[in-house]
$ cat final.cif   # mmCIF, C-alpha atoms
data_structure
loop_
_atom_site.group_PDB
_atom_site.id
_atom_site.type_symbol
_atom_site.label_atom_id
_atom_site.label_comp_id
_atom_site.auth_asym_id
_atom_site.auth_seq_id
_atom_site.Cartn_x
_atom_site.Cartn_y
_atom_site.Cartn_z
ATOM 1 C CA MET C 1 -15.983 8.247 -36.686
ATOM 2 C CA ALA C 2 -12.439 7.010 -36.129
ATOM 3 C CA SER C 3 -11.556 7.448 -39.795
ATOM 4 C CA GLU C 4 -12.703 11.111 -39.729
ATOM 5 C CA GLU C 5 -10.464 11.846 -36.737
ATOM 6 C CA VAL C 6 -7.493 10.347 -38.563
ATOM 7 C CA GLN C 7 -8.144 12.266 -41.803
ATOM 8 C CA SER C 8 -8.593 15.726 -40.310
ATOM 9 C CA PRO C 9 -4.887 16.221 -39.415
ATOM 10 C CA ASP C 10 -3.907 15.132 -42.956
ATOM 11 C CA ILE C 11 -6.267 17.719 -44.449
ATOM 12 C CA SER C 12 -4.875 20.504 -42.259
ATOM 13 C CA VAL C 13 -1.307 19.546 -43.161
ATOM 14 C CA ALA C 14 -2.222 19.593 -46.859
ATOM 15 C CA ASP C 15 -3.718 23.055 -46.474
ATOM 16 C CA GLN C 16 -0.600 24.260 -44.719
ATOM 17 C CA LEU C 17 1.596 22.885 -47.507
ATOM 18 C CA ASP C 18 -0.585 24.559 -50.140
ATOM 19 C CA ASN C 19 -0.307 27.865 -48.320
ATOM 20 C CA GLU C 20 3.469 27.536 -48.037
ATOM 21 C CA ILE C 21 3.770 26.688 -51.748
ATOM 22 C CA ALA C 22 1.591 29.657 -52.697
ATOM 23 C CA ASN C 23 3.670 31.973 -50.490
ATOM 24 C CA LEU C 24 6.926 30.662 -51.976
ATOM 25 C CA ARG C 25 5.642 31.171 -55.508
ATOM 26 C CA SER C 26 4.590 34.699 -54.640
ATOM 27 C CA GLN C 27 8.043 35.395 -53.213
ATOM 28 C CA VAL C 28 9.704 33.996 -56.346
ATOM 29 C CA GLU C 29 7.609 36.254 -58.586
ATOM 30 C CA SER C 30 8.420 39.234 -56.384
ATOM 31 C CA LEU C 31 12.145 38.448 -56.518
ATOM 32 C CA LYS C 32 11.989 38.144 -60.308
ATOM 33 C CA ARG C 33 10.377 41.575 -60.581
ATOM 34 C CA ASP C 34 12.970 43.052 -58.226
ATOM 35 C CA LEU C 35 15.769 41.468 -60.267
ATOM 36 C CA GLN C 36 14.426 42.932 -63.493
ATOM 37 C CA LEU C 37 14.083 46.356 -61.886
ATOM 38 C CA GLN C 38 17.594 46.312 -60.418
ATOM 39 C CA THR C 39 19.063 45.052 -63.705
ATOM 40 C CA SER C 40 17.340 47.812 -65.680
ATOM 41 C CA THR C 41 18.479 50.450 -63.204
ATOM 42 C CA LEU C 42 22.065 49.221 -63.197
ATOM 43 C CA ILE C 43 22.449 48.818 -66.944
ATOM 44 C CA THR C 44 21.149 52.335 -67.707
ATOM 45 C CA SER C 45 23.307 54.164 -65.180
ATOM 46 C CA GLU C 46 25.964 56.599 -66.408
ATOM 47 C CA SER C 47 28.816 54.698 -64.752
ATOM 48 C CA THR C 48 27.787 51.460 -66.453
ATOM 49 C CA ARG C 49 27.629 53.208 -69.824
ATOM 50 C CA GLN C 50 31.151 54.565 -69.404
ATOM 51 C CA ILE C 51 32.485 51.158 -68.391
ATOM 52 C CA LEU C 52 30.903 49.518 -71.442
ATOM 53 C CA GLN C 53 32.355 52.147 -73.773
ATOM 54 C CA THR C 54 35.851 51.812 -72.256
ATOM 55 C CA ARG C 55 35.846 48.016 -72.305
ATOM 56 C CA SER C 56 34.459 47.861 -75.855
ATOM 57 C CA ALA C 57 37.317 50.035 -77.116
ATOM 58 C CA THR C 58 40.080 47.958 -75.466
ATOM 59 C CA ALA C 59 38.735 44.385 -75.504
ATOM 60 C CA ASP C 60 39.676 42.033 -78.335
ATOM 61 C CA ASP C 61 36.477 40.027 -78.191
ATOM 62 C CA SER C 62 33.776 42.553 -77.425
ATOM 63 C CA SER C 63 30.732 40.578 -78.579
ATOM 64 C CA ARG C 64 29.389 40.260 -75.045
ATOM 65 C CA LEU C 65 30.068 43.922 -74.349
ATOM 66 C CA LYS C 66 28.310 44.937 -77.549
ATOM 67 C CA GLU C 67 25.320 42.836 -76.495
ATOM 68 C CA LEU C 68 25.217 44.615 -73.136
ATOM 69 C CA ALA C 69 25.563 48.008 -74.851
ATOM 70 C CA ALA C 70 22.665 47.165 -77.159
ATOM 71 C CA ARG C 71 20.634 46.099 -74.142
ATOM 72 C CA ALA C 72 21.441 49.410 -72.454
ATOM 73 C CA ASP C 73 20.383 51.365 -75.545
ATOM 74 C CA GLU C 74 17.079 49.484 -75.676
ATOM 75 C CA GLN C 75 16.431 50.173 -72.003
ATOM 76 C CA ASN C 76 17.273 53.869 -72.428
ATOM 77 C CA ALA C 77 14.847 54.076 -75.340
ATOM 78 C CA HIS C 78 12.185 52.402 -73.194
ATOM 79 C CA LYS C 79 12.811 54.883 -70.365
ATOM 80 C CA GLN C 80 12.547 57.786 -72.773
ATOM 81 C CA GLN C 81 9.266 56.431 -74.133
ATOM 82 C CA CYS C 82 7.845 55.990 -70.626
ATOM 83 C CA LEU C 83 8.954 59.496 -69.689
ATOM 84 C CA TYR C 84 7.273 60.895 -72.776
ATOM 85 C CA ARG C 85 4.050 58.995 -72.102
ATOM 86 C CA ALA C 86 4.022 60.175 -68.479
ATOM 87 C CA CYS C 87 4.737 63.837 -69.239
ATOM 88 C CA ALA C 88 2.785 64.148 -72.505
ATOM 89 C CA SER C 89 -0.362 62.358 -71.417
ATOM 90 C CA ILE C 90 -2.442 63.978 -74.190
ATOM 91 C CA THR C 91 -1.079 64.137 -77.732
ATOM 92 C CA THR C 92 -2.597 65.006 -81.094
ATOM 93 C CA PHE C 93 -2.007 63.612 -84.557
ATOM 94 C CA LYS C 94 -3.536 63.942 -88.001
ATOM 95 C CA VAL C 95 -4.885 61.074 -90.101
ATOM 96 C CA ARG C 96 -6.970 60.784 -93.238
ATOM 97 C CA ASP C 97 -10.245 58.902 -93.429
ATOM 98 C CA PRO C 98 -9.991 56.377 -96.302
ATOM 99 C CA ASP C 99 -13.731 56.676 -96.982
ATOM 100 C CA PRO C 100 -14.114 58.493 -100.340
ATOM 101 C CA ASN C 101 -17.343 60.076 -99.072
ATOM 102 C CA ALA C 102 -15.801 61.378 -95.830
ATOM 103 C CA VAL C 103 -16.468 64.980 -94.875
ATOM 104 C CA ASP C 104 -13.792 67.664 -95.093
ATOM 105 C CA ASP C 105 -11.795 65.591 -97.601
ATOM 106 C CA GLY C 106 -11.244 62.904 -94.964
ATOM 107 C CA LYS C 107 -9.212 65.109 -92.638
ATOM 108 C CA VAL C 108 -9.348 63.770 -89.079
ATOM 109 C CA LEU C 109 -7.733 65.114 -85.917
ATOM 110 C CA GLY C 110 -6.847 62.418 -83.396
ATOM 111 C CA LEU C 111 -6.416 62.738 -79.637
ATOM 112 C CA ARG C 112 -4.390 60.122 -77.772
ATOM 113 C CA PHE C 113 -4.878 59.756 -73.995
ATOM 114 C CA GLU C 114 -2.292 57.978 -71.844
ATOM 115 C CA VAL C 115 -3.472 56.524 -68.524
ATOM 116 C CA MET C 116 -1.426 54.685 -65.916
ATOM 117 C CA SER C 117 -2.854 52.253 -63.368
ATOM 118 C CA LYS C 118 -0.940 50.214 -60.780
ATOM 119 C CA ALA C 119 2.427 51.446 -62.097
ATOM 120 C CA ARG C 120 1.650 50.292 -65.631
ATOM 121 C CA PHE C 121 0.591 52.136 -68.749
ATOM 122 C CA LEU C 122 -2.749 51.009 -70.088
ATOM 123 C CA ARG C 123 -3.660 50.812 -73.737
ATOM 124 C CA PRO C 124 -4.107 54.410 -74.957
ATOM 125 C CA TYR C 125 -7.575 55.770 -75.597
ATOM 126 C CA TYR C 126 -8.310 57.573 -78.851
ATOM 127 C CA VAL C 127 -10.849 60.197 -79.884
ATOM 128 C CA MET C 128 -11.141 61.105 -83.568
ATOM 129 C CA LEU C 129 -12.560 64.519 -84.511
ATOM 130 C CA ASN C 130 -13.648 65.879 -87.876
ATOM 131 C CA ARG C 131 -15.298 69.017 -89.271
ATOM 132 C CA PRO C 132 -18.672 68.053 -90.758
ATOM 133 C CA TYR C 133 -20.062 71.608 -90.867
ATOM 134 C CA PRO C 134 -19.544 73.186 -94.299
ATOM 135 C CA ASP C 135 -19.571 76.838 -93.220
ATOM 136 C CA ALA C 136 -17.811 76.507 -89.851
ATOM 137 C CA ALA C 137 -14.547 75.128 -88.490
ATOM 138 C CA TYR C 138 -16.296 73.462 -85.563
ATOM 139 C CA LEU C 139 -15.131 69.998 -84.511
ATOM 140 C CA ARG C 140 -17.292 66.962 -83.795
ATOM 141 C CA VAL C 141 -16.494 63.563 -82.260
ATOM 142 C CA HIS C 142 -16.227 61.134 -85.176
ATOM 143 C CA ARG C 143 -14.933 57.905 -83.568
ATOM 144 C CA HIS C 144 -13.560 56.971 -80.161
ATOM 145 C CA THR C 145 -12.370 54.084 -77.993
ATOM 146 C CA VAL C 146 -13.485 55.614 -74.672
ATOM 147 C CA PRO C 147 -15.440 53.266 -72.335
ATOM 148 C CA GLN C 148 -19.198 53.660 -72.465
ATOM 149 C CA CYS C 149 -19.326 54.564 -68.777
ATOM 150 C CA ILE C 150 -17.425 57.814 -69.451
ATOM 151 C CA PRO C 151 -19.869 60.676 -70.288
ATOM 152 C CA LEU C 152 -18.147 61.533 -73.553
ATOM 153 C CA SER C 153 -21.272 62.876 -75.251
ATOM 154 C CA GLY C 154 -21.958 65.224 -72.328
ATOM 155 C CA LEU C 155 -18.382 66.508 -72.327
ATOM 156 C CA ALA C 156 -18.550 67.062 -76.085
ATOM 157 C CA ALA C 157 -21.851 68.936 -75.778
ATOM 158 C CA ARG C 158 -20.349 71.172 -73.092
ATOM 159 C CA HIS C 159 -16.929 71.910 -74.582
ATOM 160 C CA LEU C 160 -17.441 71.174 -78.305
ATOM 161 C CA PRO C 161 -20.953 72.502 -78.998
ATOM 162 C CA PRO C 162 -22.169 72.576 -82.621
ATOM 163 C CA PRO C 163 -22.538 75.918 -84.403
ATOM 164 C CA THR C 164 -25.803 77.761 -83.962
ATOM 165 C CA ALA C 165 -28.313 77.863 -86.790
ATOM 166 C CA LYS C 166 -28.743 81.029 -88.841
ATOM 167 C CA ASP C 167 -32.254 81.629 -87.506
ATOM 168 C CA ASP C 168 -31.115 81.129 -83.909
ATOM 169 C CA PHE C 169 -30.922 84.415 -82.004
ATOM 170 C CA ASP C 170 -28.776 82.981 -79.208
ATOM 171 C CA ALA C 171 -25.163 84.042 -79.076
ATOM 172 C CA PRO C 172 -22.868 81.517 -80.765
ATOM 173 C CA ARG C 173 -20.961 79.294 -78.400
ATOM 174 C CA GLY C 174 -17.272 78.724 -78.981
ATOM 175 C CA GLN C 175 -15.422 75.431 -78.658
ATOM 176 C CA ASP C 176 -12.618 74.710 -76.213
ATOM 177 C CA LEU C 177 -10.680 71.682 -77.421
ATOM 178 C CA ALA C 178 -7.999 71.944 -74.737
ATOM 179 C CA LYS C 179 -10.552 71.937 -71.920
ATOM 180 C CA PHE C 180 -12.416 69.056 -73.534
ATOM 181 C CA ALA C 181 -9.212 66.986 -73.661
ATOM 182 C CA ARG C 182 -8.213 67.794 -70.066
ATOM 183 C CA THR C 183 -11.678 67.038 -68.702
ATOM 184 C CA LEU C 184 -11.917 63.774 -70.614
ATOM 185 C CA ARG C 185 -8.548 62.564 -69.386
ATOM 186 C CA ARG C 186 -9.488 63.467 -65.809
ATOM 187 C CA GLU C 187 -12.608 61.329 -66.151
ATOM 188 C CA LEU C 188 -10.536 58.437 -67.526
ATOM 189 C CA VAL C 189 -8.031 58.667 -64.677
ATOM 190 C CA ARG C 190 -10.801 58.841 -62.087
ATOM 191 C CA TYR C 191 -12.499 55.779 -63.555
ATOM 192 C CA HIS C 192 -9.330 53.683 -63.467
ATOM 193 C CA ASN C 193 -8.493 54.890 -59.966
ATOM 194 C CA ARG C 194 -11.915 53.730 -58.775
ATOM 195 C CA THR C 195 -11.545 50.311 -60.391
ATOM 196 C CA ALA C 196 -8.033 50.010 -58.924
ATOM 197 C CA VAL C 197 -9.202 50.799 -55.406
ATOM 198 C CA ILE C 198 -11.926 48.154 -55.721
ATOM 199 C CA GLY C 199 -9.153 45.715 -56.580
ATOM 200 C CA ASP C 200 -7.259 46.888 -53.489
ATOM 201 C CA LEU C 201 -10.338 46.187 -51.380
ATOM 202 C CA ARG C 202 -10.570 42.681 -52.800
ATOM 203 C CA GLY C 203 -6.910 42.093 -52.054
ATOM 204 C CA ALA C 204 -7.253 43.444 -48.509
ATOM 205 C CA ALA C 205 -10.190 41.090 -47.925
ATOM 206 C CA GLY C 206 -8.155 38.124 -49.215
ATOM 207 C CA LEU C 207 -10.269 37.625 -52.337
ATOM 208 C CA GLU C 208 -7.397 37.943 -54.820
ATOM 209 C CA SER C 209 -5.458 34.918 -53.582
ATOM 210 C CA LYS C 210 -4.905 32.095 -56.058
ATOM 211 C CA LYS C 211 -6.696 29.643 -53.792
ATOM 212 C CA GLY C 212 -9.739 31.918 -53.644
ATOM 213 C CA LYS C 213 -9.926 31.646 -49.865
ATOM 214 C CA ALA C 214 -11.289 34.671 -48.025
ATOM 215 C CA LYS C 215 -9.170 36.340 -45.362
ATOM 216 C CA GLU C 216 -9.719 35.095 -41.822
ATOM 217 C CA LEU C 217 -11.708 38.029 -40.443
ATOM 218 C CA ARG C 218 -14.120 38.024 -37.557
ATOM 219 C CA ASP C 219 -16.891 38.593 -40.109
ATOM 220 C CA PRO C 220 -15.461 37.099 -43.343
ATOM 221 C CA ILE C 221 -16.138 39.003 -46.570
ATOM 222 C CA VAL C 222 -16.778 36.708 -49.512
ATOM 223 C CA ASP C 223 -17.258 39.234 -52.318
ATOM 224 C CA VAL C 224 -16.295 42.813 -53.174
ATOM 225 C CA SER C 225 -17.218 44.035 -56.638
ATOM 226 C CA ALA C 226 -18.340 47.085 -58.594
ATOM 227 C CA ALA C 227 -22.103 47.488 -58.555
ATOM 228 C CA ASP C 228 -22.348 49.869 -61.534
ATOM 229 C CA ALA C 229 -20.561 50.528 -64.802
ATOM 230 C CA GLN C 230 -18.880 53.711 -63.551
ATOM 231 C CA ALA C 231 -17.432 51.875 -60.520
ATOM 232 C CA LYS C 232 -18.858 54.474 -58.139
ATOM 233 C CA GLN C 233 -20.776 51.910 -56.094
ATOM 234 C CA ILE C 234 -19.230 48.889 -54.399
ATOM 235 C CA ARG C 235 -21.119 45.760 -53.437
ATOM 236 C CA VAL C 236 -19.925 43.965 -50.299
ATOM 237 C CA GLU C 237 -21.157 40.506 -49.282
ATOM 238 C CA TRP C 238 -20.424 38.743 -46.004
ATOM 239 C CA ALA C 239 -20.296 35.001 -45.373
ATOM 240 C CA ASP C 240 -23.438 35.064 -43.221
ATOM 241 C CA GLY C 241 -25.572 36.485 -46.065
ATOM 242 C CA ARG C 242 -25.391 40.205 -45.241
ATOM 243 C CA THR C 243 -24.933 42.544 -48.177
ATOM 244 C CA GLY C 244 -23.834 46.149 -48.346
ATOM 245 C CA ARG C 245 -23.630 48.925 -50.891
ATOM 246 C CA LEU C 246 -20.932 51.611 -50.612
ATOM 247 C CA VAL C 247 -21.153 54.805 -52.655
ATOM 248 C CA MET C 248 -18.020 56.823 -53.355
ATOM 249 C CA SER C 249 -17.397 60.105 -55.123
ATOM 250 C CA ASP C 250 -15.561 60.584 -58.406
ATOM 251 C CA ASP C 251 -12.290 60.931 -56.494
ATOM 252 C CA GLY C 252 -12.756 57.997 -54.082
ATOM 253 C CA ASP C 253 -14.296 59.686 -51.032
ATOM 254 C CA ILE C 254 -16.803 57.567 -49.121
ATOM 255 C CA LEU C 255 -20.209 59.238 -49.406
ATOM 256 C CA LYS C 256 -22.419 56.672 -47.683
ATOM 257 C CA MET C 257 -22.923 52.969 -47.112
ATOM 258 C CA VAL C 258 -25.934 50.812 -46.367
ATOM 259 C CA ALA C 259 -25.922 47.195 -45.179
ATOM 260 C CA GLN C 260 -28.836 44.780 -45.095
ATOM 261 C CA GLY C 261 -29.149 41.731 -42.854
ATOM 262 C CA GLU C 262 -31.868 39.277 -41.944
ATOM 263 C CA ASN C 263 -33.636 41.916 -39.842
ATOM 264 C CA GLY C 264 -33.347 44.772 -42.306
ATOM 265 C CA GLN C 265 -30.874 47.625 -42.251
ATOM 266 C CA ASP C 266 -27.724 46.840 -40.276
ATOM 267 C CA ARG C 267 -25.960 50.004 -39.106
ATOM 268 C CA GLY C 268 -23.604 48.045 -36.862
ATOM 269 C CA SER C 269 -22.041 46.269 -39.835
ATOM 270 C CA VAL C 270 -21.466 49.591 -41.562
ATOM 271 C CA LYS C 271 -19.777 51.095 -38.516
ATOM 272 C CA GLN C 272 -17.683 47.983 -37.963
ATOM 273 C CA LEU C 273 -16.501 47.892 -41.577
ATOM 274 C CA ILE C 274 -15.848 51.583 -42.232
ATOM 275 C CA GLY C 275 -14.883 52.865 -38.798
ATOM 276 C CA GLU C 276 -13.231 56.271 -39.186
ATOM 277 C CA SER C 277 -12.376 55.776 -42.868
ATOM 278 C CA ILE C 278 -12.920 58.831 -45.067
ATOM 279 C CA ARG C 279 -11.682 57.454 -48.372
ATOM 280 C CA VAL C 280 -11.907 53.998 -49.881
ATOM 281 C CA GLU C 281 -8.112 53.703 -49.626
ATOM 282 C CA ASP C 282 -8.460 54.136 -45.847
ATOM 283 C CA LEU C 283 -10.975 51.282 -45.824
ATOM 284 C CA ALA C 284 -8.555 49.047 -47.754
ATOM 285 C CA LYS C 285 -5.802 49.785 -45.214
ATOM 286 C CA ARG C 286 -8.247 49.067 -42.397
ATOM 287 C CA LEU C 287 -9.102 45.661 -43.884
ATOM 288 C CA GLU C 288 -5.432 44.949 -44.540
ATOM 289 C CA GLY C 289 -4.589 45.515 -40.890
ATOM 290 C CA ALA C 290 -7.561 43.557 -39.565
#
$ encode --input "final.cif" --output "structure tokens"
Amino acid sequence: MASEEVQSPDISVADQLDNEIANLRSQVESLKRDLQLQTSTLITSESTRQILQTRSATADDSSRLKELAARADEQNAHKQQCLYRACASITTFKVRDPDPNAVDDGKVLGLRFEVMSKARFLRPYYVMLNRPYPDAAYLRVHRHTVPQCIPLSGLAARHLPPPTAKDDFDAPRGQDLAKFARTLRRELVRYHNRTAVIGDLRGAAGLESKKGKAKELRDPIVDVSAADAQAKQIRVEWADGRTGRLVMSDDGDILKMVAQGENGQDRGSVKQLIGESIRVEDLAKRLEGA
């Protein structure tokens, strides 16, 4: 018993040191990101460009200045690319299918979708379209890199319907490629926004720390995760064994939540967790301030 009393202060001190080290490392990473941001902003400013041009013309040894000018040109090109990707979020291009048996002589129309999440551009999504119908210029989805949880086939059936048969008396339905592209990108953005807000919930509950230690709440939450492929349902698990299921809309509004405890449905846990929150972002802020 005496040895346990002596060891407990050492364990608490070790935990405190680990927390301090983790906080210092997080601050160092944050300072590095701030330094990169400030450096990029400074080197691409108009005043800096004029100074580099003036010094390069008058200095005898301008190797360092030329290096800085090259760095500024690279950063300007990167800014222009980011601006283009942000403003032109949907672009088209033409490619040729190398398959010798491809329809329409291998002509393929490609759609590129740019999506940003957490201030970063994700890998673009692609949808390839061809014209397999011999007597019509109708498009059809040939290949794609869209996640399976996105209802691509339903969007294609709605906005890119196939041509009607000759013996079909229904009026022919036209295709709307622009609306198909806009609707698909909206679904992609919604999906990534939902996954991002689930990550925010995990961070607010203290589940994203490197030590994996849950935040010290009155009722600690030990797990927050997506419960379905579309990330419209969120599973919440408490340390005492209670579990909950939160359902949100396509745009992140809280629709309903149910919690189960030892004695069945637990409405008190739902009210305590959600409070007056309307959106999932409000719930993340509520957990962050708890």
$ atom_distance --input "final.cif" --atom1 "atom CA of His142 of chain C" --atom2 "atom CA of Asp99 of chain C"
12.9 Å
$ residues_around --input "final.cif" --residues "segment 269-277 of chain C" --least-positions-apart "3" --cutoff "8 Å" --atoms "all atoms listed in the file" --output "PDB file with C-alpha atoms, in the frame of the given file"
ATOM      1  CA  GLY C 244     -23.834  46.149 -48.346  1.00  0.00           C
ATOM      2  CA  ILE C 254     -16.803  57.567 -49.121  1.00  0.00           C
ATOM      3  CA  MET C 257     -22.923  52.969 -47.112  1.00  0.00           C
ATOM      4  CA  VAL C 258     -25.934  50.812 -46.367  1.00  0.00           C
ATOM      5  CA  ALA C 259     -25.922  47.195 -45.179  1.00  0.00           C
ATOM      6  CA  ASP C 266     -27.724  46.840 -40.276  1.00  0.00           C
ATOM      7  CA  VAL C 280     -11.907  53.998 -49.881  1.00  0.00           C
ATOM      8  CA  ASP C 282      -8.460  54.136 -45.847  1.00  0.00           C
ATOM      9  CA  LEU C 283     -10.975  51.282 -45.824  1.00  0.00           C
ATOM     10  CA  ARG C 286      -8.247  49.067 -42.397  1.00  0.00           C
TER      11      ARG C 286
END
$ resolve_selection --input "final.cif" --expression "the PyMOL selection byres ((chain C and resi 139) around 7)" --output "ChimeraX atom specification"
/C:129-131,137-138,140-141,160
$ residues_near_point --input "final.cif" --point "(-22.4, 73.8, -79.9)" --cutoff "8 Å" --atoms "only C-alpha atoms" --output "list in words"
Ala157, Arg158, His159, Leu160, Pro161, Pro162, Pro163, Thr164, Pro172, Arg173, Gly174 and Gln175 of chain C
$ closest_residue --input "final.cif" --among "C:Gln260, C:Thr183, C:Asn193, C:Ser40" --to "Gln75 of chain C" --atoms "all atoms listed in the file"
C:Ser40
$ residues_around --input "final.cif" --residues "Ala229 of chain C" --least-positions-apart "4" --cutoff "9 Å" --atoms "only C-alpha atoms" --output "ChimeraX atom specification"
/C:148-149,233
$ residues_around --input "final.cif" --residues "segment 110-116 of chain C" --least-positions-apart "6" --cutoff "12 Å" --atoms "only C-alpha atoms" --output "PyMOL selection string"
chain C and resi 81-97+122-130+139-146+177-178+180-193+196
$ atom_distance --input "final.cif" --atom1 "atom CA of Ala102 of chain C" --atom2 "atom CA of Ser153 of chain C"
21.3 Å
$ closest_residue --input "final.cif" --among "C:Ala165, C:Thr195, C:Lys285, C:Glu208" --to "Asp250 of chain C" --atoms "all atoms listed in the file"
C:Thr195
$ decode --input "final.cif" --residues "segment 100-118 of chain C" --atoms "N, CA, C and O atoms" --output "PDB file, in the first residue's frame"
ATOM      1  N   PRO C 100      -9.530   0.294 -79.076  1.00  0.00           N
ATOM      2  CA  PRO C 100      -9.893   0.350 -80.510  1.00  0.00           C
ATOM      3  C   PRO C 100     -11.369   0.077 -80.771  1.00  0.00           C
ATOM      4  O   PRO C 100     -11.892   0.440 -81.828  1.00  0.00           O
ATOM      5  N   ASN C 101     -12.040  -0.574 -79.829  1.00  0.00           N
ATOM      6  CA  ASN C 101     -13.463  -0.880 -79.988  1.00  0.00           C
ATOM      7  C   ASN C 101     -14.361   0.132 -79.276  1.00  0.00           C
ATOM      8  O   ASN C 101     -15.551  -0.131 -79.088  1.00  0.00           O
ATOM      9  N   ALA C 102     -13.817   1.263 -78.843  1.00  0.00           N
ATOM     10  CA  ALA C 102     -14.603   2.250 -78.119  1.00  0.00           C
ATOM     11  C   ALA C 102     -15.650   2.872 -79.033  1.00  0.00           C
ATOM     12  O   ALA C 102     -15.454   3.006 -80.245  1.00  0.00           O
ATOM     13  N   VAL C 103     -16.766   3.264 -78.423  1.00  0.00           N
ATOM     14  CA  VAL C 103     -17.855   3.865 -79.191  1.00  0.00           C
ATOM     15  C   VAL C 103     -17.493   5.290 -79.566  1.00  0.00           C
ATOM     16  O   VAL C 103     -16.637   5.933 -78.940  1.00  0.00           O
ATOM     17  N   ASP C 104     -18.126   5.787 -80.608  1.00  0.00           N
ATOM     18  CA  ASP C 104     -17.959   7.160 -81.073  1.00  0.00           C
ATOM     19  C   ASP C 104     -16.485   7.490 -81.330  1.00  0.00           C
ATOM     20  O   ASP C 104     -16.008   8.590 -80.998  1.00  0.00           O
ATOM     21  N   ASP C 105     -15.779   6.530 -81.912  1.00  0.00           N
ATOM     22  CA  ASP C 105     -14.358   6.698 -82.252  1.00  0.00           C
ATOM     23  C   ASP C 105     -13.500   7.055 -81.046  1.00  0.00           C
ATOM     24  O   ASP C 105     -12.458   7.716 -81.169  1.00  0.00           O
ATOM     25  N   GLY C 106     -13.929   6.631 -79.856  1.00  0.00           N
ATOM     26  CA  GLY C 106     -13.139   6.878 -78.652  1.00  0.00           C
ATOM     27  C   GLY C 106     -13.226   8.281 -78.098  1.00  0.00           C
ATOM     28  O   GLY C 106     -12.465   8.639 -77.181  1.00  0.00           O
ATOM     29  N   LYS C 107     -14.129   9.092 -78.585  1.00  0.00           N
ATOM     30  CA  LYS C 107     -14.256  10.460 -78.084  1.00  0.00           C
ATOM     31  C   LYS C 107     -14.907  10.447 -76.704  1.00  0.00           C
ATOM     32  O   LYS C 107     -15.970   9.860 -76.510  1.00  0.00           O
ATOM     33  N   VAL C 108     -14.256  11.101 -75.753  1.00  0.00           N
ATOM     34  CA  VAL C 108     -14.737  11.130 -74.369  1.00  0.00           C
ATOM     35  C   VAL C 108     -14.694  12.572 -73.879  1.00  0.00           C
ATOM     36  O   VAL C 108     -13.708  13.292 -74.094  1.00  0.00           O
ATOM     37  N   LEU C 109     -15.764  12.991 -73.238  1.00  0.00           N
ATOM     38  CA  LEU C 109     -15.829  14.304 -72.598  1.00  0.00           C
ATOM     39  C   LEU C 109     -15.627  14.120 -71.098  1.00  0.00           C
ATOM     40  O   LEU C 109     -16.351  13.355 -70.458  1.00  0.00           O
ATOM     41  N   GLY C 110     -14.647  14.808 -70.552  1.00  0.00           N
ATOM     42  CA  GLY C 110     -14.353  14.694 -69.122  1.00  0.00           C
ATOM     43  C   GLY C 110     -14.833  15.901 -68.343  1.00  0.00           C
ATOM     44  O   GLY C 110     -14.757  17.038 -68.810  1.00  0.00           O
ATOM     45  N   LEU C 111     -15.326  15.642 -67.135  1.00  0.00           N
ATOM     46  CA  LEU C 111     -15.698  16.691 -66.186  1.00  0.00           C
ATOM     47  C   LEU C 111     -14.795  16.584 -64.974  1.00  0.00           C
ATOM     48  O   LEU C 111     -14.644  15.497 -64.394  1.00  0.00           O
ATOM     49  N   ARG C 112     -14.186  17.690 -64.593  1.00  0.00           N
ATOM     50  CA  ARG C 112     -13.324  17.741 -63.413  1.00  0.00           C
ATOM     51  C   ARG C 112     -13.993  18.583 -62.341  1.00  0.00           C
ATOM     52  O   ARG C 112     -14.400  19.722 -62.585  1.00  0.00           O
ATOM     53  N   PHE C 113     -14.106  18.025 -61.117  1.00  0.00           N
ATOM     54  CA  PHE C 113     -14.776  18.697 -60.005  1.00  0.00           C
ATOM     55  C   PHE C 113     -13.748  18.996 -58.914  1.00  0.00           C
ATOM     56  O   PHE C 113     -13.086  18.079 -58.413  1.00  0.00           O
ATOM     57  N   GLU C 114     -13.631  20.267 -58.565  1.00  0.00           N
ATOM     58  CA  GLU C 114     -12.737  20.705 -57.496  1.00  0.00           C
ATOM     59  C   GLU C 114     -13.545  20.879 -56.213  1.00  0.00           C
ATOM     60  O   GLU C 114     -14.594  21.520 -56.213  1.00  0.00           O
ATOM     61  N   VAL C 115     -13.034  20.313 -55.121  1.00  0.00           N
ATOM     62  CA  VAL C 115     -13.699  20.412 -53.820  1.00  0.00           C
ATOM     63  C   VAL C 115     -12.647  20.797 -52.785  1.00  0.00           C
ATOM     64  O   VAL C 115     -11.537  20.260 -52.791  1.00  0.00           O
ATOM     65  N   MET C 116     -13.019  21.728 -51.918  1.00  0.00           N
ATOM     66  CA  MET C 116     -12.124  22.153 -50.843  1.00  0.00           C
ATOM     67  C   MET C 116     -12.717  21.741 -49.500  1.00  0.00           C
ATOM     68  O   MET C 116     -13.931  21.846 -49.284  1.00  0.00           O
ATOM     69  N   SER C 117     -11.851  21.272 -48.601  1.00  0.00           N
ATOM     70  CA  SER C 117     -12.280  20.883 -47.264  1.00  0.00           C
ATOM     71  C   SER C 117     -11.188  21.269 -46.282  1.00  0.00           C
ATOM     72  O   SER C 117     -10.011  20.958 -46.509  1.00  0.00           O
ATOM     73  N   LYS C 118     -11.583  21.976 -45.219  1.00  0.00           N
ATOM     74  CA  LYS C 118     -10.643  22.417 -44.184  1.00  0.00           C
ATOM     75  C   LYS C 118      -9.492  23.220 -44.787  1.00  0.00           C
ATOM     76  O   LYS C 118      -8.315  22.984 -44.503  1.00  0.00           O
TER      77      LYS C 118
END
